[in-house]
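**Student:** A single structure is presented below for examination.
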Amino acid sequence: MSQEKLNQTDDSIIAKGKRGIIQIIFSRTMVIIVLLAVQFLLLFAWMLRLNRYAPYLLGGSYVVAAFMLIYILQTKDNPMIKLSWSIMVAVLPVFGSLLYFYVQKDIGHRVEQALIQTSIRESHKLLHKQEPPDAADKRFLNMATYLQNYAGTNVCSNTSIKYFSLGELMFDEMLQQLETAEKFIFLEYFIIGNGYMWSRILEVLERKAKQGVDVRVMYDGTCAVTLLPYSYPKKLQALGIQCKMFSPLRPFVSTHYNNRDHRKILVVDGHTAFTGGVNLADEYINLTHPHGHWKDTGIMLKGEAARNLTLMFLQMWNATEKKRDYEPFLSVQGSVDTSAPGYVIPYGDNPMDRENVGKMVYLNMVNQAKNYVYIMTPYLILDNELITALELAAKRGVDVRLILPGTPDHWYVSVLAKTHYKELHEAGIKIYEYTPGFLHAKVFMCDDNEAVVGTINLDYRSLYLHFECAAYLYKTESLCDIKADFTETMKVSHLVTQENINGQSWLLRVGGALLKVAAPLM
């Protein structure tokens with residue numbers, strides 16, 4: 001996609017949803033920011049007048065801290081998350097306690113969360129469970145059993161899989177498949193940003209909607225902060241496209257970063273589906289370069305497995321619908337490749353059921369690996385369980401390799417990742433940094449037999465707080481392409497050495513130590 005193509009793009013298409021500086025300044029989001037800033041200034045001024053009551057306030061804060069620490073330790077959260085909150089409360093008892101309840105209780109979204117839970121429970125019975133043959137190895141059978149019982153998904157065969165080693169390759173295929181739509185198109189994305197990529201997709205969606213295709217778009221509410229106008233769903237609806245913003249940000253009741261919809265799903269007519277790390281913005285297809293070359297991955301599923309991703313979309317979409325329609329979209333017949341070898345298990349991770357499916361799948365793969373574990377992830381913020389599993393695998397002779405970004409998108413994420421380097425390196429784990437730029441892929445692979453491609457990062461946000469999705473692949477032809485991509489990516493990545501680790505600056509080490517305390521809350 002050259003600059004010439006960009007110049008040829010219809011300006012009227014790009015203009016749809018374009019957000020100017022005047023809109024940003026006078027937007028609802030900016031008003032909220034200003035009002036919050038004013039309230040914090042007033043609160044600070046009020047506290048300055050209470051100096052003479054300092055001994056009483058100090059004693060009261062100790063009591064609050066003691067009760068809060070006991071409460072936090074009794075919760076079922078991850079130990080590292082409890083530790084971070086305990087430190088926050090111990091240092092800032094009143095503020096830390098209020099922040100804890102504000103974030104953890106998520107008061108503003110409780111109704112929405114209850115509706116999503118109900119929608120997911122209702123939909124689980126619609127999937128027809130397919131048992132793998134007796135010839136399948138016990139490791140796969142155990143994984144299939146876990147995902148069926150705790151993720152509400154099923155084993156799928158008769159599915160052809162295409163793996164994409166770059167976002168631009170996936171984008172070209174997405175456009176081709178969108179053009180074939182006759183019945184419906186579903187899109188669910190964490191990020192939608194104005195530019196060439198979204199404009200080209202929107203052009204097809206608008207045209208298909210006029211042809212009578214049922215087109216639905218859902219995106220995460222954080223896009224309303226800087227990427228899209230708050231009223232953008234109405235703009236799409238005027239084009240004949242149904243649109244919802246997941247968990248819109250609202251003043252005082254929105255915990256901005258909690259329980260976001262981090263999924264990336266595109267479904268065409270129920271028989272073709274895409275997922276992976278690629279959002280709908282130009283950096284994902286290397287038309288812009290905020291952090292150097294953008295390395296991303298994804299997959300296309302054609303056949304039975306697409307049905308699972310259709311259901312995942314409907315689970316979120318139907319949560320706020322009075323009438324929850326599933327069957328018309330799940331009974332669609334499409335092309336099925338009966339000769340495709342292996343199995344696919346598309347699955348979702350729901351932060352509200354406290355079953356950390358994404359993490360458990362990763363842990364199981366690492367713990368069961370015999371020969372190698374290859375991992376691509378943009379973020380490396382690990383808890384003790386993941387560190388222990390990775391180190392144990394390396395110590396028992398498994399070739400464990402991690403590929404991380406060479407150029408991070410957030411400096412503090414890179415600082416946190418480097419806090420793990422010394423310990424992982426000493427255990428025998430090889431760490432690579434992608435030299436050309438930023439690596440946004442989320443891929444796990446083990447022993448030539450199994451892999452996961454999806455949206456799930458190795459950080460607390462993905463593993464504990466976000467709605468996520470992925471596809472577990474077992475003995476499929478696409479595994480060869482995934483392994484080849486790992487091999488090629490390692491060739492253009494820098495292997496971190498002991499000398500590199502020893503050469504880390506004292507500022508980096510101190511900053512990492514401080515950030516690590518709050519890592520589970522970031």
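Chain labels A, B, ... are given in the sequence in which chains occur in the structure tokens; within each chain residues are numbered consecutively from 1, and ligands are likewise numbered from 1 in the order shown.
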Would you mind writing down, as a PyMOL selection string, each residue of range 227-436 of chain A that DSSP on the backbone assigns to strand (DSSP E or B)?

**Tutor:** chain A and resi 242-246+261+264-268+272-276+280+290+292-295+298-303+343-349+372-376+380+399-405+430-434

**Student:** Let's have the selection written as a short mmCIF file (atom, residue, chain, number, x, y, z; two decimals), in the first residue's frame, with N, CA and C atoms.

**Tutor:**
data_model
loop_
_atom_site.label_atom_id
_atom_site.label_comp_id
_atom_site.auth_asym_id
_atom_site.auth_seq_id
_atom_site.Cartn_x
_atom_site.Cartn_y
_atom_site.Cartn_z
N GLN A 242 -24.99 -0.87 12.20
CA GLN A 242 -25.25 -0.91 13.63
C GLN A 242 -23.93 -0.80 14.38
N CYS A 243 -23.89 0.00 15.44
CA CYS A 243 -22.63 0.25 16.14
C CYS A 243 -22.86 0.43 17.63
N LYS A 244 -21.96 -0.15 18.42
CA LYS A 244 -21.98 0.01 19.87
C LYS A 244 -20.57 0.29 20.37
N MET A 245 -20.51 1.14 21.39
CA MET A 245 -19.26 1.40 22.08
C MET A 245 -19.30 0.62 23.39
N PHE A 246 -18.36 -0.32 23.55
CA PHE A 246 -18.35 -1.15 24.75
C PHE A 246 -17.89 -0.34 25.96
N ASP A 261 -12.65 -4.27 26.58
CA ASP A 261 -12.85 -5.27 25.53
C ASP A 261 -11.62 -5.24 24.61
N LYS A 264 -10.18 -8.83 19.24
CA LYS A 264 -10.17 -8.43 17.83
C LYS A 264 -10.82 -9.56 17.04
N ILE A 265 -12.04 -9.31 16.59
CA ILE A 265 -12.81 -10.34 15.88
C ILE A 265 -13.45 -9.73 14.64
N LEU A 266 -13.32 -10.41 13.53
CA LEU A 266 -14.06 -10.08 12.31
C LEU A 266 -14.68 -11.37 11.80
N VAL A 267 -15.99 -11.36 11.58
CA VAL A 267 -16.70 -12.55 11.09
C VAL A 267 -17.47 -12.18 9.83
N VAL A 268 -17.36 -13.02 8.82
CA VAL A 268 -18.09 -12.83 7.56
C VAL A 268 -19.00 -14.04 7.35
N THR A 272 -16.35 -17.58 8.00
CA THR A 272 -14.98 -17.05 7.91
C THR A 272 -14.77 -16.06 9.05
N ALA A 273 -13.67 -16.23 9.77
CA ALA A 273 -13.42 -15.35 10.92
C ALA A 273 -11.93 -15.05 11.04
N PHE A 274 -11.63 -13.86 11.58
CA PHE A 274 -10.25 -13.43 11.81
C PHE A 274 -10.08 -13.08 13.29
N THR A 275 -8.89 -13.34 13.81
CA THR A 275 -8.51 -12.82 15.12
C THR A 275 -6.99 -12.71 15.16
N GLY A 276 -6.46 -12.11 16.21
CA GLY A 276 -5.02 -11.91 16.34
C GLY A 276 -4.75 -10.58 17.02
N LEU A 280 -7.69 -1.98 14.06
CA LEU A 280 -8.04 -1.29 12.81
C LEU A 280 -7.49 0.13 12.84
N PRO A 290 4.96 4.86 14.33
CA PRO A 290 5.22 5.54 15.60
C PRO A 290 6.35 4.89 16.41
N GLY A 292 8.78 2.49 14.81
CA GLY A 292 9.52 1.68 13.86
C GLY A 292 8.61 0.69 13.15
N HIS A 293 9.18 -0.37 12.61
CA HIS A 293 8.37 -1.37 11.92
C HIS A 293 7.49 -2.12 12.91
N TRP A 294 6.20 -2.24 12.56
CA TRP A 294 5.22 -2.87 13.46
C TRP A 294 5.05 -4.33 13.06
N LYS A 295 5.47 -5.22 13.94
CA LYS A 295 5.34 -6.66 13.71
C LYS A 295 4.10 -7.17 14.43
N GLY A 298 -1.80 -12.70 12.96
CA GLY A 298 -3.21 -13.04 13.06
C GLY A 298 -3.50 -14.31 12.29
N ILE A 299 -4.74 -14.76 12.38
CA ILE A 299 -5.16 -15.96 11.64
C ILE A 299 -6.55 -15.77 11.06
N MET A 300 -6.80 -16.51 9.98
CA MET A 300 -8.14 -16.60 9.39
C MET A 300 -8.61 -18.04 9.52
N LEU A 301 -9.81 -18.21 10.03
CA LEU A 301 -10.42 -19.53 10.17
C LEU A 301 -11.60 -19.63 9.20
N LYS A 302 -11.58 -20.65 8.35
CA LYS A 302 -12.70 -20.88 7.43
C LYS A 302 -13.25 -22.28 7.70
N GLY A 303 -14.50 -22.31 8.15
CA GLY A 303 -15.10 -23.61 8.48
C GLY A 303 -15.77 -23.58 9.83
N TYR A 343 -7.04 -29.83 14.83
CA TYR A 343 -8.20 -29.28 15.52
C TYR A 343 -7.94 -27.83 15.92
N VAL A 344 -9.03 -27.08 16.05
CA VAL A 344 -8.97 -25.69 16.49
C VAL A 344 -9.97 -25.51 17.63
N ILE A 345 -9.54 -24.79 18.67
CA ILE A 345 -10.46 -24.46 19.76
C ILE A 345 -10.40 -22.95 19.98
N PRO A 346 -11.27 -22.17 19.29
CA PRO A 346 -11.34 -20.74 19.58
C PRO A 346 -11.97 -20.55 20.96
N TYR A 347 -11.39 -19.67 21.75
CA TYR A 347 -11.92 -19.48 23.11
C TYR A 347 -11.83 -18.02 23.53
N GLY A 348 -12.69 -17.65 24.46
CA GLY A 348 -12.66 -16.31 25.02
C GLY A 348 -12.30 -16.36 26.48
N ASP A 349 -11.83 -15.23 26.99
CA ASP A 349 -11.51 -15.10 28.41
C ASP A 349 -12.34 -13.96 28.97
N TYR A 372 10.41 -27.56 23.13
CA TYR A 372 10.61 -26.11 23.08
C TYR A 372 9.32 -25.36 23.37
N VAL A 373 9.48 -24.11 23.79
CA VAL A 373 8.38 -23.16 23.93
C VAL A 373 8.87 -21.85 23.32
N TYR A 374 8.19 -21.39 22.27
CA TYR A 374 8.51 -20.11 21.63
C TYR A 374 7.36 -19.14 21.90
N ILE A 375 7.70 -17.93 22.31
CA ILE A 375 6.69 -16.95 22.69
C ILE A 375 7.01 -15.61 22.05
N MET A 376 5.99 -15.00 21.44
CA MET A 376 6.07 -13.61 21.02
C MET A 376 5.04 -12.81 21.82
N LEU A 380 5.83 -7.92 28.89
CA LEU A 380 6.29 -8.99 29.77
C LEU A 380 6.22 -8.49 31.20
N ASP A 399 13.73 -25.82 25.47
CA ASP A 399 14.27 -24.62 24.84
C ASP A 399 13.21 -23.51 24.89
N VAL A 400 13.36 -22.60 25.84
CA VAL A 400 12.37 -21.53 26.03
C VAL A 400 12.93 -20.23 25.45
N ARG A 401 12.17 -19.62 24.54
CA ARG A 401 12.61 -18.38 23.90
C ARG A 401 11.47 -17.36 23.90
N LEU A 402 11.82 -16.14 24.22
CA LEU A 402 10.87 -15.03 24.23
C LEU A 402 11.33 -13.99 23.23
N ILE A 403 10.40 -13.50 22.40
CA ILE A 403 10.70 -12.39 21.50
C ILE A 403 9.85 -11.19 21.94
N LEU A 404 10.53 -10.09 22.26
CA LEU A 404 9.90 -8.88 22.77
C LEU A 404 10.21 -7.71 21.84
N PRO A 405 9.54 -6.58 22.02
CA PRO A 405 9.82 -5.43 21.17
C PRO A 405 11.24 -4.88 21.38
N LYS A 430 16.19 -17.85 26.66
CA LYS A 430 16.74 -16.93 25.67
C LYS A 430 15.73 -15.81 25.41
N ILE A 431 16.19 -14.57 25.51
CA ILE A 431 15.34 -13.41 25.31
C ILE A 431 15.83 -12.64 24.09
N TYR A 432 14.93 -12.36 23.17
CA TYR A 432 15.26 -11.61 21.97
C TYR A 432 14.47 -10.30 21.95
N GLU A 433 15.06 -9.26 21.37
CA GLU A 433 14.38 -7.99 21.17
C GLU A 433 14.31 -7.70 19.67
N TYR A 434 13.11 -7.48 19.18
CA TYR A 434 12.85 -7.29 17.75
C TYR A 434 13.49 -5.98 17.28
#

**Student:** Can you work out which one of A:Glu304, A:Trp506, A:Tyr362, A:Lys395 has the shortest atom-to-atom distance to Ser157 in chain A, counting only C-alpha atoms?

**Tutor:**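 Under the stated criterion, the closest residue is A:Glu304.
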
**Student:** Could you give me, as a list in words, the residues within 12 Å of Gly428 in chain A, counting only C-alpha atoms and dropping anything in the same chain fewer than 3 positions from it?

**Tutor:**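 In the requested form, the answer reads Leu390, Glu391, Leu392, Ala393, Ala394, Lys395, Arg396, Gly397, Val398, Asp399, Val400, Arg401, Leu402, Tyr421, Lys422, Glu423, Leu424, His425, Ile431, Val496, Thr497 and Gln498 of chain A.
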
**Student:** Which residues are near Ala151 in chain A? Cut-off 12 Å, only C-alpha atoms, ignore same chain within fewer than 5 positions. Put them as a CSV table (one decimal) with N, CA, C and O atoms, in the first residue's frame.

**Tutor:**
chain,number,residue,atom,x,y,z
A,120,ILE,N,-23.5,-14.7,28.3
A,120,ILE,CA,-22.5,-15.8,28.1
A,120,ILE,C,-23.1,-17.1,28.5
A,120,ILE,O,-22.9,-18.1,27.8
A,121,ARG,N,-23.7,-17.1,29.7
A,121,ARG,CA,-24.3,-18.3,30.2
A,121,ARG,C,-25.4,-18.9,29.3
A,121,ARG,O,-25.4,-20.1,29.0
A,123,SER,N,-25.6,-18.5,26.1
A,123,SER,CA,-25.1,-18.9,24.8
A,123,SER,C,-24.3,-20.2,24.9
A,123,SER,O,-24.2,-20.9,23.8
A,124,HIS,N,-23.8,-20.6,26.0
A,124,HIS,CA,-23.0,-21.8,26.1
A,124,HIS,C,-23.7,-23.1,25.6
A,124,HIS,O,-23.0,-23.9,25.0
A,127,LEU,N,-23.5,-24.3,21.6
A,127,LEU,CA,-22.3,-24.9,21.0
A,127,LEU,C,-22.5,-26.4,21.1
A,127,LEU,O,-22.7,-27.0,22.1
A,143,MET,N,-6.5,-30.4,27.5
A,143,MET,CA,-6.7,-29.0,27.2
A,143,MET,C,-8.1,-28.8,26.7
A,143,MET,O,-8.8,-27.9,27.0
A,144,ALA,N,-8.6,-29.7,25.8
A,144,ALA,CA,-10.0,-29.6,25.3
A,144,ALA,C,-11.0,-29.7,26.4
A,144,ALA,O,-12.0,-28.9,26.4
A,145,THR,N,-10.8,-30.6,27.3
A,145,THR,CA,-11.7,-30.7,28.5
A,145,THR,C,-11.8,-29.4,29.3
A,145,THR,O,-12.9,-29.0,29.7
A,146,TYR,N,-10.6,-28.9,29.5
A,146,TYR,CA,-10.6,-27.6,30.3
A,146,TYR,C,-11.3,-26.5,29.6
A,146,TYR,O,-12.2,-25.8,30.2
A,308,ASN,N,-17.5,-20.4,16.5
A,308,ASN,CA,-17.2,-20.0,17.9
A,308,ASN,C,-16.9,-18.5,18.0
A,308,ASN,O,-17.4,-17.9,19.0
A,312,MET,N,-18.8,-15.6,20.2
A,312,MET,CA,-18.2,-14.7,21.1
A,312,MET,C,-18.6,-13.2,20.8
A,312,MET,O,-18.9,-12.5,21.8
A,345,ILE,N,-9.5,-24.8,18.7
A,345,ILE,CA,-10.5,-24.5,19.8
A,345,ILE,C,-10.4,-22.9,20.0
A,345,ILE,O,-9.6,-22.4,20.7
A,346,PRO,N,-11.3,-22.2,19.3
A,346,PRO,CA,-11.3,-20.7,19.6
A,346,PRO,C,-12.0,-20.5,21.0
A,346,PRO,O,-13.0,-21.2,21.3
A,347,TYR,N,-11.4,-19.7,21.8
A,347,TYR,CA,-11.9,-19.5,23.1
A,347,TYR,C,-11.8,-18.0,23.5
A,347,TYR,O,-11.0,-17.2,23.0
A,348,GLY,N,-12.7,-17.7,24.5
A,348,GLY,CA,-12.7,-16.3,25.0
A,348,GLY,C,-12.3,-16.4,26.5
A,348,GLY,O,-12.4,-17.4,27.1
A,349,ASP,N,-11.8,-15.2,27.0
A,349,ASP,CA,-11.5,-15.1,28.4
A,349,ASP,C,-12.3,-14.0,29.0
A,349,ASP,O,-12.3,-12.8,28.5
A,350,ASN,N,-13.1,-14.3,30.0
A,350,ASN,CA,-14.0,-13.3,30.6
A,350,ASN,C,-13.5,-13.0,32.0
A,350,ASN,O,-13.4,-13.8,32.9
A,351,PRO,N,-13.2,-11.7,32.3
A,351,PRO,CA,-12.6,-11.3,33.6
A,351,PRO,C,-13.5,-11.4,34.8
A,351,PRO,O,-13.1,-11.4,35.9
A,353,ASP,N,-15.6,-14.0,35.6
A,353,ASP,CA,-15.9,-15.3,36.2
A,353,ASP,C,-14.7,-15.8,37.0
A,353,ASP,O,-14.8,-16.9,37.6
A,354,ARG,N,-13.7,-15.0,37.1
A,354,ARG,CA,-12.5,-15.3,38.0
A,354,ARG,C,-11.8,-16.6,37.6
A,354,ARG,O,-11.1,-17.2,38.3
A,355,GLU,N,-12.1,-17.0,36.4
A,355,GLU,CA,-11.4,-18.2,35.8
A,355,GLU,C,-10.4,-17.6,34.7
A,355,GLU,O,-10.9,-17.3,33.7
A,356,ASN,N,-9.1,-17.5,35.1
A,356,ASN,CA,-8.2,-16.9,34.2
A,356,ASN,C,-7.8,-17.9,33.0
A,356,ASN,O,-6.7,-18.4,33.0
A,357,VAL,N,-8.7,-18.0,32.1
A,357,VAL,CA,-8.5,-19.0,31.0
A,357,VAL,C,-7.2,-18.8,30.2
A,357,VAL,O,-6.5,-19.7,30.0
A,358,GLY,N,-7.0,-17.5,29.8
A,358,GLY,CA,-5.8,-17.2,29.0
A,358,GLY,C,-4.5,-17.6,29.7
A,358,GLY,O,-3.7,-18.2,29.1
A,360,MET,N,-4.2,-19.8,32.2
A,360,MET,CA,-4.2,-21.3,32.4
A,360,MET,C,-3.8,-22.0,31.1
A,360,MET,O,-3.0,-23.0,31.2
A,361,VAL,N,-4.2,-21.6,30.0
A,361,VAL,CA,-3.8,-22.2,28.7
A,361,VAL,C,-2.3,-22.0,28.5
A,361,VAL,O,-1.6,-23.0,28.2
A,468,GLU,N,-10.8,-11.1,26.4
A,468,GLU,CA,-9.8,-11.5,25.4
A,468,GLU,C,-10.3,-12.7,24.6
A,468,GLU,O,-11.3,-13.3,24.9
A,469,CYS,N,-9.6,-13.0,23.5
A,469,CYS,CA,-9.9,-14.1,22.7
A,469,CYS,C,-8.7,-14.7,22.0
A,469,CYS,O,-7.7,-14.0,21.8
A,470,ALA,N,-8.7,-15.9,21.6
A,470,ALA,CA,-7.6,-16.6,21.0
A,470,ALA,C,-8.1,-17.9,20.3
A,470,ALA,O,-9.2,-18.3,20.5
A,471,ALA,N,-7.2,-18.5,19.6
A,471,ALA,CA,-7.5,-19.8,19.0
A,471,ALA,C,-6.3,-20.8,19.4
A,471,ALA,O,-5.2,-20.5,19.1

**Student:** Using only C-alpha atoms, find the one residue out of A:His420, A:His466, A:Lys183, A:Arg200 that sits nearest to Phe171 in chain A.

**Tutor:**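 Counting only C-alpha atoms, the residue closest to Phe171 in chain A is A:Arg200.
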
**Student:** At a cut-off of 6 Å, using only C-alpha atoms, what residues contact range 212-217 of chain A? Leave out same-chain residues fewer than 4 positions from it and give the result as a PyMOL selection string.

**Tutor:** chain A and resi 182-187+208+241-243

**Student:** For the residues selected in the previous step, produce a file with all heavy atoms as a short mmCIF file (atom, residue, chain, number, x, y, z; two decimals), in the first residue's frame.

**Tutor:**
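Contents of out39.cif, freshly written:
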data_model
loop_
_atom_site.label_atom_id
_atom_site.label_comp_id
_atom_site.auth_asym_id
_atom_site.auth_seq_id
_atom_site.Cartn_x
_atom_site.Cartn_y
_atom_site.Cartn_z
N GLU A 182 -22.60 -11.85 2.19
CA GLU A 182 -23.97 -11.84 1.66
C GLU A 182 -25.01 -11.72 2.76
O GLU A 182 -26.12 -11.25 2.50
CB GLU A 182 -24.22 -13.13 0.86
CG GLU A 182 -23.33 -13.28 -0.36
CD GLU A 182 -23.58 -14.58 -1.10
OE1 GLU A 182 -24.35 -15.42 -0.56
OE2 GLU A 182 -23.01 -14.78 -2.19
N LYS A 183 -24.68 -12.14 3.97
CA LYS A 183 -25.67 -12.17 5.04
C LYS A 183 -25.32 -11.21 6.19
O LYS A 183 -26.13 -10.38 6.56
CB LYS A 183 -25.81 -13.60 5.59
CG LYS A 183 -26.29 -14.61 4.56
CD LYS A 183 -26.40 -15.99 5.16
CE LYS A 183 -26.94 -16.99 4.14
NZ LYS A 183 -26.00 -17.18 3.00
N PHE A 184 -24.12 -11.35 6.76
CA PHE A 184 -23.78 -10.46 7.88
C PHE A 184 -22.26 -10.30 8.01
O PHE A 184 -21.49 -11.15 7.57
CB PHE A 184 -24.37 -10.95 9.20
CG PHE A 184 -23.88 -12.30 9.66
CD1 PHE A 184 -22.74 -12.42 10.45
CD2 PHE A 184 -24.58 -13.47 9.34
CE1 PHE A 184 -22.30 -13.67 10.90
CE2 PHE A 184 -24.16 -14.71 9.78
CZ PHE A 184 -23.01 -14.81 10.56
N ILE A 185 -21.89 -9.18 8.63
CA ILE A 185 -20.50 -8.87 8.95
C ILE A 185 -20.46 -8.38 10.40
O ILE A 185 -21.18 -7.44 10.75
CB ILE A 185 -19.91 -7.78 8.03
CG1 ILE A 185 -19.90 -8.23 6.57
CG2 ILE A 185 -18.50 -7.40 8.49
CD1 ILE A 185 -19.52 -7.13 5.60
N PHE A 186 -19.64 -9.03 11.23
CA PHE A 186 -19.48 -8.61 12.62
C PHE A 186 -18.04 -8.18 12.85
O PHE A 186 -17.10 -8.88 12.46
CB PHE A 186 -19.80 -9.76 13.58
CG PHE A 186 -21.25 -10.22 13.54
CD1 PHE A 186 -21.59 -11.50 14.00
CD2 PHE A 186 -22.25 -9.39 13.07
CE1 PHE A 186 -22.91 -11.93 13.98
CE2 PHE A 186 -23.58 -9.83 13.05
CZ PHE A 186 -23.91 -11.10 13.50
N LEU A 187 -17.85 -7.03 13.50
CA LEU A 187 -16.52 -6.57 13.88
C LEU A 187 -16.53 -6.17 15.35
O LEU A 187 -17.41 -5.42 15.79
CB LEU A 187 -16.08 -5.36 13.05
CG LEU A 187 -15.90 -5.54 11.54
CD1 LEU A 187 -17.17 -5.12 10.81
CD2 LEU A 187 -14.71 -4.75 11.03
N LYS A 208 -21.89 -2.66 1.69
CA LYS A 208 -22.57 -3.92 2.01
C LYS A 208 -23.87 -3.66 2.77
O LYS A 208 -24.88 -4.36 2.57
CB LYS A 208 -21.64 -4.81 2.83
CG LYS A 208 -20.51 -5.43 2.02
CD LYS A 208 -21.06 -6.38 0.96
CE LYS A 208 -19.98 -7.00 0.10
NZ LYS A 208 -20.52 -7.94 -0.90
N ILE A 241 -25.08 1.16 9.42
CA ILE A 241 -24.25 0.21 10.16
C ILE A 241 -24.62 0.26 11.63
O ILE A 241 -24.57 1.33 12.25
CB ILE A 241 -22.75 0.55 9.98
CG1 ILE A 241 -22.36 0.49 8.50
CG2 ILE A 241 -21.88 -0.36 10.83
CD1 ILE A 241 -20.99 1.07 8.21
N GLN A 242 -24.99 -0.87 12.20
CA GLN A 242 -25.25 -0.91 13.63
C GLN A 242 -23.93 -0.80 14.38
O GLN A 242 -22.94 -1.44 14.01
CB GLN A 242 -25.95 -2.22 14.01
CG GLN A 242 -27.31 -2.42 13.36
CD GLN A 242 -27.97 -3.69 13.84
OE1 GLN A 242 -28.31 -3.84 15.01
NE2 GLN A 242 -28.14 -4.64 12.92
N CYS A 243 -23.89 0.00 15.44
CA CYS A 243 -22.63 0.25 16.14
C CYS A 243 -22.86 0.43 17.63
O CYS A 243 -23.83 1.06 18.06
CB CYS A 243 -21.94 1.48 15.57
SG CYS A 243 -20.33 1.84 16.32
#

**Student:** Contacts of Pro93 in chain A at 12 Å or less, counting only C-alpha atoms, minus same-chain residues fewer than 4 places along, as a list in words?

**Tutor:** Leu57, Leu58, Gly59, Gly60, Ser61, Tyr62, Val63, Val64, Ala65, Ala66, Phe67, Met68, Leu69, Trp85, Ser86, Ile87, Met88, Val89, Ser97, Leu98, Leu99 and Tyr100 of chain A

**Student:** Could you take the residues named above and write them with C-alpha atoms, as a CSV table (one decimal), in the first residue's frame?

**Tutor:**
chain,number,residue,atom,x,y,z
A,57,LEU,CA,-6.1,11.9,61.2
A,58,LEU,CA,-2.9,9.9,61.4
A,59,GLY,CA,-4.3,7.5,64.0
A,60,GLY,CA,-7.5,7.1,62.0
A,61,SER,CA,-5.6,6.3,58.9
A,62,TYR,CA,-3.7,3.6,60.7
A,63,VAL,CA,-7.0,2.0,61.7
A,64,VAL,CA,-8.3,2.2,58.1
A,65,ALA,CA,-5.1,0.7,56.8
A,66,ALA,CA,-5.2,-2.2,59.2
A,67,PHE,CA,-8.8,-3.1,58.4
A,68,MET,CA,-8.2,-2.7,54.6
A,69,LEU,CA,-5.1,-5.0,54.7
A,85,TRP,CA,-2.8,-3.0,46.8
A,86,SER,CA,-1.5,-3.7,50.3
A,87,ILE,CA,1.5,-1.4,49.7
A,88,MET,CA,-0.7,1.3,48.2
A,89,VAL,CA,-3.0,1.2,51.3
A,97,SER,CA,-8.6,2.4,50.2
A,98,LEU,CA,-11.0,4.7,48.2
A,99,LEU,CA,-9.0,3.9,45.0
A,100,TYR,CA,-9.2,0.2,45.8

**Student:** Could you tell me how far CA of Ser493 in chain A sits from CA of Ala369 in chain A, in Å to one decimal place?

**Tutor:**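 The value is 23.8 Å.
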
**Student:** With only C-alpha atoms as the atoms that count, which of A:Lys125, A:Lys162, A:Lys82, A:Arg207 lies nearest to Asp481 in chain A?

**Tutor:** A:Lys162

**Student:** From the options A:Leu439, A:Leu463, A:Ile429, A:Ala518, which residue's atoms come nearest to Asp409 in chain A, counting only C-alpha atoms?

**Tutor:**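 Going through A:Leu439, A:Leu463, A:Ile429, A:Ala518 one by one, the smallest distance to Asp409 in chain A is for A:Leu439.
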